[in-house]
Amino acid sequence: MAGTSVPLKIFMVKASTDAEKVQLPEKTRNSRVLVLGGTGRVGGSTATALSNLCPDLQIIVAGRNREKGAAMVAKLRGNADFVRVDIDDKKSLETTLSEVDLVVHAAGPFQQTDNCTVLDAAIETKTAYIDVCDDTNYSWRAKSLKKKALAANIPAITTGGIYPGVSNVMAAELVRTAKSESEGKPKRLRFYYYTAGSGGAGPTILATSFLLLGEEVVAYSKGEKIRLKPYSGRLNVDFGKGIGKRDVYLLNLPEVRSAHELLGVPSVSARFGTAPFFWNWGMEAMTNLLPVEFLRDRSKVQQLVQLFDPWVRAIDGIAGERMSMRVDLECSDGRNTVGIFTHRRLSVSVGTATAAFALAVLEGSTQPGVWFPEEPEGIAIEARDVLLKRAAQGTINFVMNKPAWMVETDPKEVGLGIYF
Ligand SMILES: NC(=O)c1ccc[n+]([C@@H]2O[C@H](COP(=O)([O-])OP(=O)(O)OC[C@H]3O[C@@H](n4cnc5c(N)ncnc54)[C@H](OP(=O)(O)O)[C@@H]3O)[C@@H](O)[C@H]2O)c1
């Protein structure tokens with residue numbers, strides 16, 4: 001990962017802890033935003049961020065449990081309410097959506113599902129839509145509803161969380177800057193993610209992680225789609241300030257296909273790692289020891305989650321919940337650029353990131369249709385800077401378009417010899 005002598009646009013955001021208030025346009029200032037899964041970690045964090053950033057919004061927290069709903073509403077300032085909704089109940093979903101302007105769908109898991117009930121209902125009721133989906137099949141199923149969303153004139157974004165989500169926008173900006181500043185062509189894009197413990201996330205994220213271990217990893221090498229074993233291909237990656245070097249492993253994540261197809265980068269892969277180190281060993285062991293059919297069965301995985309959850313929570317207390325994402329772009333002329341985003345608390349930053357997407361939609365940055373975050377119709381190019389700045393609030397390290405050597409402590413990778 002050598003540096004480059006090509007002049008680089010350096011983009012840095014001062015770390016801040018106070019949410020900077022956002023003034024929405026007059027017509028969306030008092031919008032009603034439904035946060036499905038708002039009683040959970042990601043949805044709750046999103047509702048909190050939205051209510052802090054835009055106290056004039058009306059936030060409706062939705063889930064199946066009234067007690068959890070009342071507790072969440074009590075934490076939010078300003079206009080907040082709870083509504084009981086089961087996303088598997090089409091009628092109640094449509095009734096609720098018909099009364100709001102935007103729905104943020106955070107009621108996962110998105111893995112191993114057959115349809116996009118919430119997006120279907122959003123199109124039916126002409127409601128703007130964002131999901132925090134982290135499943136490739138789900139995201140492309142959502143994308144296949146583009147024409148219907150266009151006909152209904154609703155803007156919709158799939159994979160609009162932190163990773164995927166903000167990481168896609170970081171990748172899109174690295175590619176755009178490289179194309180405008182260098183002669184070389186984008187050649188290889190790699191997403192690296194690190195989260196300590198469960199990142200303060202809910203049981204759903206544990207289920208998501210286990211379900212991902214049952215999926216073959218899709219990556220792209222020189223334009224060819226390749227299939228690899230989950231939680232294999234270990235690399236030791238330097239996440240820079242606040243995190244340092246961490247082991248990361250291949251996972252099947254939606255930003256790989258969307259970045260390959262929509263940004264036109266021939267080689268793309270995504271890796272993830274956690275701490276303490278033995279959780280990585282546990283994930284590797286589960287991939288090697290448990291039958292794939294078991295890891296693809298949502299109810300069996302749910303039982304596994306119940307078994308592991310108390311242990312994960314206990315160790316979370318020690319591990320903390322720091323997160324970092326590093327996106328690397330290599331170009332054919334040797335130019336290598338990197339983006340890094342590091343936060344002390346994933347449970348906070350995921351909400352800030354999702355709220356940044358919600359605000360972009362409310363500000364009119366998204367065209368009617370269904371879009372991935374890296375598509376200019378999803379987040380307009382001129383709105384990316386604002387989205388990244390908003391999402392980066394509270395980060396301890398956020399840099400874009402820097403050569404790798406400037407952000408690393410000691411550039412070195414230990415892997416299995418083949419890097420995708
Ligand atoms: N893109 C990203 O950056 C990103 C990052 C982290 C997580 N995620 C995804 O976010 C999702 C949520 O994770 P989490 O940690 O917030 O999980 P969580 O704490 O378990 O929350 C899940 C929420 O969904 C609700 N819910 C579940 N099934 C429902 C149903 N049938 N109808 C209505 N509400 C339902 C739950 O409420 P009740 O059970 O009370 O109904 C709860 O509010 C996961 O799928 C995860 O993969 C994405």
# chains A, B, ... in the order shown; residues from 1 in each chain; ligands from 1
>>> residues_around(residues="range 156-168 of chain A", least_positions_apart="5", cutoff="9 Å", atoms="only C-alpha atoms", output="number ranges by chain")
A: 42, 119, 122, 127-135, 138-140, 142-143, 146, 149, 173, 191, 193, 253-255, 258-259, 325-327, 339, 341, 346, 349-358, 361, 366-374, 378-379, 387-388, 391
>>> residues_around(residues="Lys185 in chain A", least_positions_apart="2", cutoff="7 Å", atoms="only C-alpha atoms", output="VMD selection string")
chain A and resid 179 183 187 331 to 332
>>> atom_distance(atom1="CA of Pro25 in chain A", atom2="CA of Ser365 in chain A")
11.8 Å
>>> residues_around(residues="Lys126 in chain A", least_positions_apart="3", cutoff="6 Å", atoms="only C-alpha atoms", output="list of chain:residue names")
A:Ala122, A:Ile123, A:Ala152, A:Ile154
>>> residues_around(residues="Leu304 in chain A", least_positions_apart="3", cutoff="12 Å", atoms="only C-alpha atoms", output="PyMOL selection string")
chain A and resi 203-204+206-211+286+290+294-295+297-301+307-312
>>> atom_distance(atom1="CA of Gly63 in chain A", atom2="atom 35 (C, counted along the ligand's line) of ligand 1")
4.9 Å
>>> select_by_dssp(residues="range 39-278 of chain A", states="helix (DSSP H, G or I)", output="CSV table (one decimal) with N, CA and C atoms, in the first residue's frame")
chain,number,residue,atom,x,y,z
A,41,ARG,N,-31.9,-1.0,18.8
A,41,ARG,CA,-30.6,-0.2,18.9
A,41,ARG,C,-30.5,0.7,17.7
A,42,VAL,N,-30.5,0.2,16.5
A,42,VAL,CA,-30.3,1.1,15.3
A,42,VAL,C,-31.4,2.1,15.2
A,43,GLY,N,-32.6,1.6,15.2
A,43,GLY,CA,-33.8,2.5,15.1
A,43,GLY,C,-33.9,3.5,16.2
A,44,GLY,N,-33.6,3.1,17.4
A,44,GLY,CA,-33.7,4.0,18.5
A,44,GLY,C,-32.6,5.1,18.4
A,45,SER,N,-31.4,4.6,18.0
A,45,SER,CA,-30.3,5.6,17.8
A,45,SER,C,-30.7,6.6,16.7
A,46,THR,N,-31.3,6.1,15.6
A,46,THR,CA,-31.7,7.0,14.5
A,46,THR,C,-32.8,8.0,15.0
A,47,ALA,N,-33.8,7.5,15.7
A,47,ALA,CA,-34.8,8.4,16.2
A,47,ALA,C,-34.2,9.5,17.1
A,48,THR,N,-33.2,9.1,18.0
A,48,THR,CA,-32.6,10.0,18.9
A,48,THR,C,-31.8,11.1,18.1
A,49,ALA,N,-31.1,10.6,17.1
A,49,ALA,CA,-30.3,11.5,16.2
A,49,ALA,C,-31.2,12.5,15.5
A,50,LEU,N,-32.3,12.0,14.9
A,50,LEU,CA,-33.2,12.8,14.2
A,50,LEU,C,-33.8,13.9,15.1
A,51,SER,N,-34.2,13.4,16.3
A,51,SER,CA,-34.9,14.4,17.2
A,51,SER,C,-33.9,15.4,17.7
A,52,ASN,N,-32.6,15.1,17.9
A,52,ASN,CA,-31.6,16.1,18.3
A,52,ASN,C,-31.3,17.0,17.1
A,53,LEU,N,-31.2,16.5,15.9
A,53,LEU,CA,-30.8,17.3,14.8
A,53,LEU,C,-31.9,18.3,14.3
A,66,ARG,N,-45.3,-2.4,23.2
A,66,ARG,CA,-45.7,-1.1,23.7
A,66,ARG,C,-44.8,-0.5,24.8
A,67,GLU,N,-44.4,-1.4,25.7
A,67,GLU,CA,-43.5,-0.9,26.9
A,67,GLU,C,-42.2,-0.4,26.3
A,68,LYS,N,-41.6,-1.1,25.4
A,68,LYS,CA,-40.3,-0.6,24.8
A,68,LYS,C,-40.6,0.7,24.1
A,69,GLY,N,-41.7,0.8,23.4
A,69,GLY,CA,-42.1,2.0,22.7
A,69,GLY,C,-42.2,3.2,23.6
A,70,ALA,N,-42.9,3.0,24.7
A,70,ALA,CA,-43.2,4.1,25.7
A,70,ALA,C,-41.8,4.6,26.2
A,71,ALA,N,-40.9,3.6,26.5
A,71,ALA,CA,-39.6,3.9,27.1
A,71,ALA,C,-38.8,4.8,26.1
A,72,MET,N,-38.9,4.4,24.8
A,72,MET,CA,-38.1,5.1,23.8
A,72,MET,C,-38.7,6.5,23.6
A,73,VAL,N,-40.0,6.6,23.6
A,73,VAL,CA,-40.6,8.0,23.4
A,73,VAL,C,-40.3,8.9,24.5
A,74,ALA,N,-40.2,8.3,25.7
A,74,ALA,CA,-39.9,9.2,26.9
A,74,ALA,C,-38.4,9.8,26.8
A,75,LYS,N,-37.6,9.1,26.0
A,75,LYS,CA,-36.2,9.5,25.9
A,75,LYS,C,-36.1,10.6,24.8
A,90,LYS,N,-49.5,-6.6,6.7
A,90,LYS,CA,-49.6,-5.7,5.6
A,90,LYS,C,-50.6,-4.5,5.8
A,91,LYS,N,-51.7,-4.9,6.4
A,91,LYS,CA,-52.8,-3.9,6.6
A,91,LYS,C,-52.3,-2.8,7.6
A,92,SER,N,-51.8,-3.3,8.7
A,92,SER,CA,-51.4,-2.3,9.8
A,92,SER,C,-50.2,-1.4,9.3
A,93,LEU,N,-49.4,-2.1,8.5
A,93,LEU,CA,-48.2,-1.4,8.0
A,93,LEU,C,-48.7,-0.3,7.0
A,94,GLU,N,-49.6,-0.6,6.1
A,94,GLU,CA,-50.1,0.4,5.1
A,94,GLU,C,-50.8,1.5,5.8
A,95,THR,N,-51.6,1.2,6.8
A,95,THR,CA,-52.4,2.2,7.6
A,95,THR,C,-51.4,3.2,8.2
A,96,THR,N,-50.4,2.6,8.8
A,96,THR,CA,-49.4,3.5,9.5
A,96,THR,C,-48.6,4.3,8.5
A,97,LEU,N,-48.2,3.7,7.4
A,97,LEU,CA,-47.4,4.4,6.5
A,97,LEU,C,-48.2,5.6,5.8
A,117,THR,N,-41.6,-6.2,2.3
A,117,THR,CA,-42.9,-5.7,2.7
A,117,THR,C,-43.0,-4.2,2.9
A,118,VAL,N,-42.0,-3.7,3.6
A,118,VAL,CA,-42.0,-2.3,4.0
A,118,VAL,C,-41.9,-1.4,2.7
A,119,LEU,N,-41.0,-1.8,1.8
A,119,LEU,CA,-40.9,-0.9,0.6
A,119,LEU,C,-42.1,-1.1,-0.2
A,120,ASP,N,-42.7,-2.3,-0.3
A,120,ASP,CA,-44.0,-2.5,-1.1
A,120,ASP,C,-45.0,-1.5,-0.5
A,121,ALA,N,-45.1,-1.5,0.9
A,121,ALA,CA,-46.2,-0.7,1.5
A,121,ALA,C,-45.8,0.8,1.3
A,122,ALA,N,-44.5,1.2,1.3
A,122,ALA,CA,-44.2,2.6,1.0
A,122,ALA,C,-44.6,3.0,-0.4
A,123,ILE,N,-44.4,2.1,-1.4
A,123,ILE,CA,-44.8,2.4,-2.7
A,123,ILE,C,-46.3,2.6,-2.8
A,124,GLU,N,-47.0,1.6,-2.2
A,124,GLU,CA,-48.5,1.6,-2.2
A,124,GLU,C,-49.0,2.9,-1.6
A,125,THR,N,-48.4,3.4,-0.5
A,125,THR,CA,-48.9,4.5,0.2
A,125,THR,C,-48.2,5.8,-0.2
A,136,THR,N,-27.3,-8.5,0.7
A,136,THR,CA,-27.2,-8.3,-0.8
A,136,THR,C,-28.5,-8.6,-1.5
A,137,ASN,N,-29.0,-9.8,-1.2
A,137,ASN,CA,-30.3,-10.2,-1.9
A,137,ASN,C,-31.4,-9.2,-1.7
A,138,TYR,N,-31.6,-8.9,-0.4
A,138,TYR,CA,-32.6,-7.9,0.0
A,138,TYR,C,-32.5,-6.6,-0.8
A,139,SER,N,-31.2,-6.1,-0.8
A,139,SER,CA,-31.0,-4.8,-1.4
A,139,SER,C,-31.3,-4.8,-2.9
A,140,TRP,N,-30.9,-5.9,-3.6
A,140,TRP,CA,-31.2,-5.9,-5.0
A,140,TRP,C,-32.7,-6.2,-5.3
A,141,ARG,N,-33.3,-6.9,-4.4
A,141,ARG,CA,-34.8,-7.1,-4.5
A,141,ARG,C,-35.5,-5.7,-4.4
A,142,ALA,N,-35.0,-4.9,-3.4
A,142,ALA,CA,-35.5,-3.6,-3.2
A,142,ALA,C,-35.2,-2.8,-4.5
A,143,LYS,N,-34.0,-2.9,-5.1
A,143,LYS,CA,-33.6,-2.1,-6.3
A,143,LYS,C,-34.6,-2.5,-7.4
A,146,LYS,N,-37.5,-0.4,-8.5
A,146,LYS,CA,-37.3,1.0,-8.9
A,146,LYS,C,-38.4,1.6,-9.8
A,147,LYS,N,-38.8,0.8,-10.8
A,147,LYS,CA,-39.8,1.4,-11.7
A,147,LYS,C,-41.1,1.7,-10.9
A,148,LYS,N,-41.5,0.8,-10.0
A,148,LYS,CA,-42.7,1.0,-9.2
A,148,LYS,C,-42.6,2.3,-8.4
A,149,ALA,N,-41.4,2.4,-7.8
A,149,ALA,CA,-41.2,3.6,-6.9
A,149,ALA,C,-41.2,4.9,-7.8
A,150,LEU,N,-40.7,4.8,-9.0
A,150,LEU,CA,-40.7,5.9,-9.9
A,150,LEU,C,-42.1,6.3,-10.3
A,151,ALA,N,-42.9,5.2,-10.6
A,151,ALA,CA,-44.3,5.5,-11.0
A,151,ALA,C,-45.1,6.1,-9.8
A,166,VAL,N,-22.9,4.9,4.7
A,166,VAL,CA,-21.9,5.9,4.7
A,166,VAL,C,-20.6,5.4,3.9
A,167,SER,N,-20.3,4.1,4.2
A,167,SER,CA,-19.1,3.6,3.5
A,167,SER,C,-19.3,3.6,2.0
A,168,ASN,N,-20.5,3.4,1.5
A,168,ASN,CA,-20.8,3.4,0.0
A,168,ASN,C,-20.5,4.9,-0.5
A,169,VAL,N,-20.9,5.9,0.3
A,169,VAL,CA,-20.7,7.3,-0.2
A,169,VAL,C,-19.2,7.6,-0.1
A,170,MET,N,-18.5,7.1,0.9
A,170,MET,CA,-17.1,7.3,0.9
A,170,MET,C,-16.4,6.7,-0.3
A,171,ALA,N,-16.8,5.5,-0.7
A,171,ALA,CA,-16.3,4.8,-1.9
A,171,ALA,C,-16.6,5.6,-3.1
A,172,ALA,N,-17.8,6.1,-3.2
A,172,ALA,CA,-18.2,6.9,-4.4
A,172,ALA,C,-17.4,8.1,-4.5
A,173,GLU,N,-17.1,8.8,-3.4
A,173,GLU,CA,-16.3,10.0,-3.4
A,173,GLU,C,-14.8,9.7,-3.7
A,174,LEU,N,-14.3,8.6,-3.2
A,174,LEU,CA,-12.9,8.3,-3.6
A,174,LEU,C,-12.8,8.1,-5.1
A,175,VAL,N,-13.8,7.3,-5.6
A,175,VAL,CA,-13.8,7.0,-7.1
A,175,VAL,C,-13.9,8.3,-7.9
A,176,ARG,N,-14.9,9.2,-7.5
A,176,ARG,CA,-15.1,10.4,-8.2
A,176,ARG,C,-13.9,11.3,-8.2
A,177,THR,N,-13.3,11.5,-7.0
A,177,THR,CA,-12.1,12.3,-6.9
A,177,THR,C,-10.9,11.8,-7.7
A,178,ALA,N,-10.7,10.4,-7.6
A,178,ALA,CA,-9.6,9.8,-8.4
A,178,ALA,C,-9.8,10.1,-9.9
A,179,LYS,N,-11.0,9.9,-10.4
A,179,LYS,CA,-11.3,10.1,-11.8
A,179,LYS,C,-11.0,11.5,-12.2
A,180,SER,N,-11.3,12.5,-11.3
A,180,SER,CA,-11.2,13.9,-11.7
A,180,SER,C,-9.7,14.4,-11.5
A,181,GLU,N,-8.9,13.7,-10.7
A,181,GLU,CA,-7.6,14.2,-10.4
A,181,GLU,C,-6.5,13.3,-11.1
A,203,PRO,N,-29.9,-7.8,19.7
A,203,PRO,CA,-29.8,-9.2,19.4
A,203,PRO,C,-29.9,-9.5,17.8
A,204,THR,N,-30.6,-8.6,17.2
A,204,THR,CA,-30.8,-8.7,15.7
A,204,THR,C,-29.4,-8.7,15.0
A,205,ILE,N,-28.5,-7.9,15.5
A,205,ILE,CA,-27.2,-7.8,14.8
A,205,ILE,C,-26.4,-9.1,15.0
A,206,LEU,N,-26.6,-9.7,16.1
A,206,LEU,CA,-26.0,-11.0,16.4
A,206,LEU,C,-26.5,-12.0,15.4
A,207,ALA,N,-27.9,-12.0,15.2
A,207,ALA,CA,-28.5,-13.0,14.3
A,207,ALA,C,-28.0,-12.7,12.9
A,208,THR,N,-27.9,-11.4,12.5
A,208,THR,CA,-27.4,-11.0,11.2
A,208,THR,C,-26.0,-11.5,11.0
A,209,SER,N,-25.1,-11.4,12.0
A,209,SER,CA,-23.7,-11.9,11.9
A,209,SER,C,-23.7,-13.4,11.7
A,210,PHE,N,-24.5,-14.1,12.4
A,210,PHE,CA,-24.5,-15.6,12.3
A,210,PHE,C,-25.1,-16.0,10.9
A,211,LEU,N,-26.1,-15.3,10.5
A,211,LEU,CA,-26.7,-15.6,9.2
A,211,LEU,C,-25.7,-15.4,8.1
A,212,LEU,N,-24.9,-14.3,8.2
A,212,LEU,CA,-23.9,-14.0,7.2
A,212,LEU,C,-22.9,-15.1,7.1
A,213,LEU,N,-22.6,-15.8,8.2
A,213,LEU,CA,-21.6,-16.9,8.2
A,213,LEU,C,-22.1,-18.1,7.3
A,254,PRO,N,-23.5,-6.2,0.9
A,254,PRO,CA,-24.1,-5.7,-0.3
A,254,PRO,C,-23.3,-4.6,-1.0
A,255,GLU,N,-22.4,-3.9,-0.3
A,255,GLU,CA,-21.7,-2.8,-0.9
A,255,GLU,C,-20.7,-3.3,-1.9
A,256,VAL,N,-20.3,-4.6,-1.8
A,256,VAL,CA,-19.4,-5.2,-2.8
A,256,VAL,C,-20.0,-5.2,-4.2
A,257,ARG,N,-21.2,-5.7,-4.3
A,257,ARG,CA,-21.8,-5.8,-5.6
A,257,ARG,C,-22.2,-4.4,-6.1
A,258,SER,N,-22.8,-3.6,-5.2
A,258,SER,CA,-23.2,-2.3,-5.7
A,258,SER,C,-22.1,-1.4,-6.1
A,259,ALA,N,-20.9,-1.5,-5.4
A,259,ALA,CA,-19.8,-0.7,-5.8
A,259,ALA,C,-19.2,-1.2,-7.1
A,260,HIS,N,-19.2,-2.5,-7.3
A,260,HIS,CA,-18.7,-3.1,-8.5
A,260,HIS,C,-19.6,-2.7,-9.7
A,261,GLU,N,-20.9,-2.8,-9.6
A,261,GLU,CA,-21.8,-2.6,-10.7
A,261,GLU,C,-22.0,-1.1,-10.9
A,262,LEU,N,-22.1,-0.3,-9.8
A,262,LEU,CA,-22.5,1.1,-10.0
A,262,LEU,C,-21.4,2.0,-10.1
A,263,LEU,N,-20.3,1.7,-9.5
A,263,LEU,CA,-19.1,2.6,-9.6
A,263,LEU,C,-18.1,2.0,-10.6
A,277,PHE,N,-10.2,-10.7,20.3
A,277,PHE,CA,-9.8,-11.6,19.2
A,277,PHE,C,-10.5,-12.9,19.2
A,278,PHE,N,-10.9,-13.4,20.4
A,278,PHE,CA,-11.5,-14.8,20.4
A,278,PHE,C,-12.9,-14.8,19.8
